[in-house]
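**Student:** Please see the structure below; I have some questions.
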Amino acid sequence: EEPAHVELTDEEQEAVKAVADELEKASNEEEYQAAVFTVSKSTGVKARRLFPVLYRILLGKTQGPRFGPYVGLVGRETVVKEIRDALNQ
């Protein structure tokens with residue numbers, strides 16, 4: 001199923017791309033969760049703004065399960081691919 005197209009600001013696009021990059025370096029649920037906060041610090045996009053953007057891309061909703069365990073359940077490669085696909089739409 002194709003995720004719905006998500007309109008992102010340039011700032012959000014940059015932050016979401018950075019989350020995908022961080023996830024590629026991460027290896028467990030704790031690090032997956034921390035990736036969002038690392039990006040939040042480096043880009044200045046608040047985590048409370050970034051999580052709903054990620055959930056819109058991944059789930060088509062603004063809320064979802066805890067991010068780290070979700071990535072662990074679905075699989076890091078799958079989540080990174082879905083994020084990158086959304087950025088390339």
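Ordering of the structure tokens sets the chain letters (A, B, ...), residue numbers begin anew at 1 in every chain, and ligands are numbered from 1 in the order given.
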Determine, counting only C-alpha atoms, which protein, DNA and RNA residues have an atom within 12 Å of an atom of Ala20 (chain A); residues of the same chain fewer than 6 positions away are not included. Present the result as a PyMOL selection string.

**Tutor:** chain A and resi 13-14+26+32-33+35-36+38-39+54+71+76-87

**Student:** Need to verify the contact set: Val53 (chain A), 10 Å, only C-alpha atoms, exclusion of same-chain residues closer than 5 positions in sequence. Can you return it as a ChimeraX atom specification?

**Tutor:** /A:6-8,12-13,15-16,47-48,58-63

**Student:** Skip Glu11 (chain A) itself and residues of its chain fewer than 5 positions away, then list as a list in words all residues within 12 Å of it, counting only C-alpha atoms.

**Tutor:**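 The residues that qualify are Val16, Lys17, Ala18, Val39, Ser40, Ser42, Thr43, Gly44, Val45, Lys46, Arg49, Leu50 and Val53 of chain A.
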
**Student:** For the residues in that selection, give me N, CA and C atoms as a tab-separated table (two decimals), in the first residue's frame.

**Tutor:**
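Listed below is the output, again.tsv:
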```tsv
chain	number	residue	atom	x	y	z
A	16	VAL	N	13.77	15.13	8.34
A	16	VAL	CA	13.34	13.74	8.10
A	16	VAL	C	14.45	12.96	7.40
A	17	LYS	N	15.12	13.59	6.45
A	17	LYS	CA	16.25	12.95	5.77
A	17	LYS	C	17.35	12.62	6.80
A	18	ALA	N	17.59	13.55	7.72
A	18	ALA	CA	18.60	13.34	8.75
A	18	ALA	C	18.20	12.18	9.68
A	39	VAL	N	18.57	14.39	15.86
A	39	VAL	CA	18.25	15.24	14.71
A	39	VAL	C	17.59	16.53	15.18
A	40	SER	N	16.73	16.42	16.16
A	40	SER	CA	16.06	17.60	16.71
A	40	SER	C	17.09	18.61	17.20
A	42	SER	N	20.30	18.79	16.28
A	42	SER	CA	21.19	19.27	15.22
A	42	SER	C	20.48	20.19	14.22
A	43	THR	N	19.16	20.01	14.04
A	43	THR	CA	18.45	20.82	13.05
A	43	THR	C	17.63	21.95	13.66
A	44	GLY	N	17.35	21.84	14.96
A	44	GLY	CA	16.50	22.84	15.60
A	44	GLY	C	15.01	22.59	15.39
A	45	VAL	N	14.66	21.49	14.71
A	45	VAL	CA	13.25	21.11	14.56
A	45	VAL	C	12.87	20.32	15.81
A	46	LYS	N	11.94	20.84	16.58
A	46	LYS	CA	11.58	20.21	17.85
A	46	LYS	C	11.07	18.79	17.63
A	49	ARG	N	7.51	18.22	16.99
A	49	ARG	CA	7.08	18.52	15.63
A	49	ARG	C	7.51	17.40	14.67
A	50	LEU	N	8.65	16.81	14.96
A	50	LEU	CA	9.22	15.79	14.09
A	50	LEU	C	8.48	14.46	14.17
A	53	VAL	N	5.36	14.30	11.97
A	53	VAL	CA	5.74	14.25	10.55
A	53	VAL	C	6.15	12.82	10.18
```

**Student:** Take CA of Thr9 (chain A) and CA of Glu30 (chain A) and report the distance between them in Å, one decimal.

**Tutor:**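 According to the coordinates, CA of Thr9 (chain A) and CA of Glu30 (chain A) are separated by 27.5 Å.
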
**Student:** Output as an NGL selection string all residues of chain A that backbone DSSP marks as helix (DSSP H, G or I).

**Tutor:** :A and (10-25 or 29-43 or 47-59 or 67-74 or 76-87)

**Student:** When you draw a straight line from CA of Asn28 (chain A) to CA of Pro52 (chain A), how long is it in Å?

**Tutor:**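 Atom-to-atom, CA of Asn28 (chain A) to CA of Pro52 (chain A), that is 21.3 Å.
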
**Student:** Given the choices A:Tyr55, A:Gly64, A:Pro69, A:Phe37, which gets closest to Val19 (chain A) if the distance is worked out from only C-alpha atoms?

**Tutor:**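 Between A:Tyr55, A:Gly64, A:Pro69, A:Phe37, the residue approaching Val19 (chain A) most closely is A:Phe37.
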
**Student:** In terms of the shortest atom-to-atom distance over only C-alpha atoms, which of A:Val74, A:Arg56, A:Lys41, A:Ala34 is closest to Glu22 (chain A)?

**Tutor:**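 Using only C-alpha atoms, Glu22 (chain A) sits closest to A:Ala34.
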
**Student:** Which of these, A:Leu73, A:Ile57, A:Leu23, A:Arg66, has the shortest distance to Gln89 (chain A) once you count only C-alpha atoms?

**Tutor:**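 Closest to Gln89 (chain A) of all the choices is A:Ile57.
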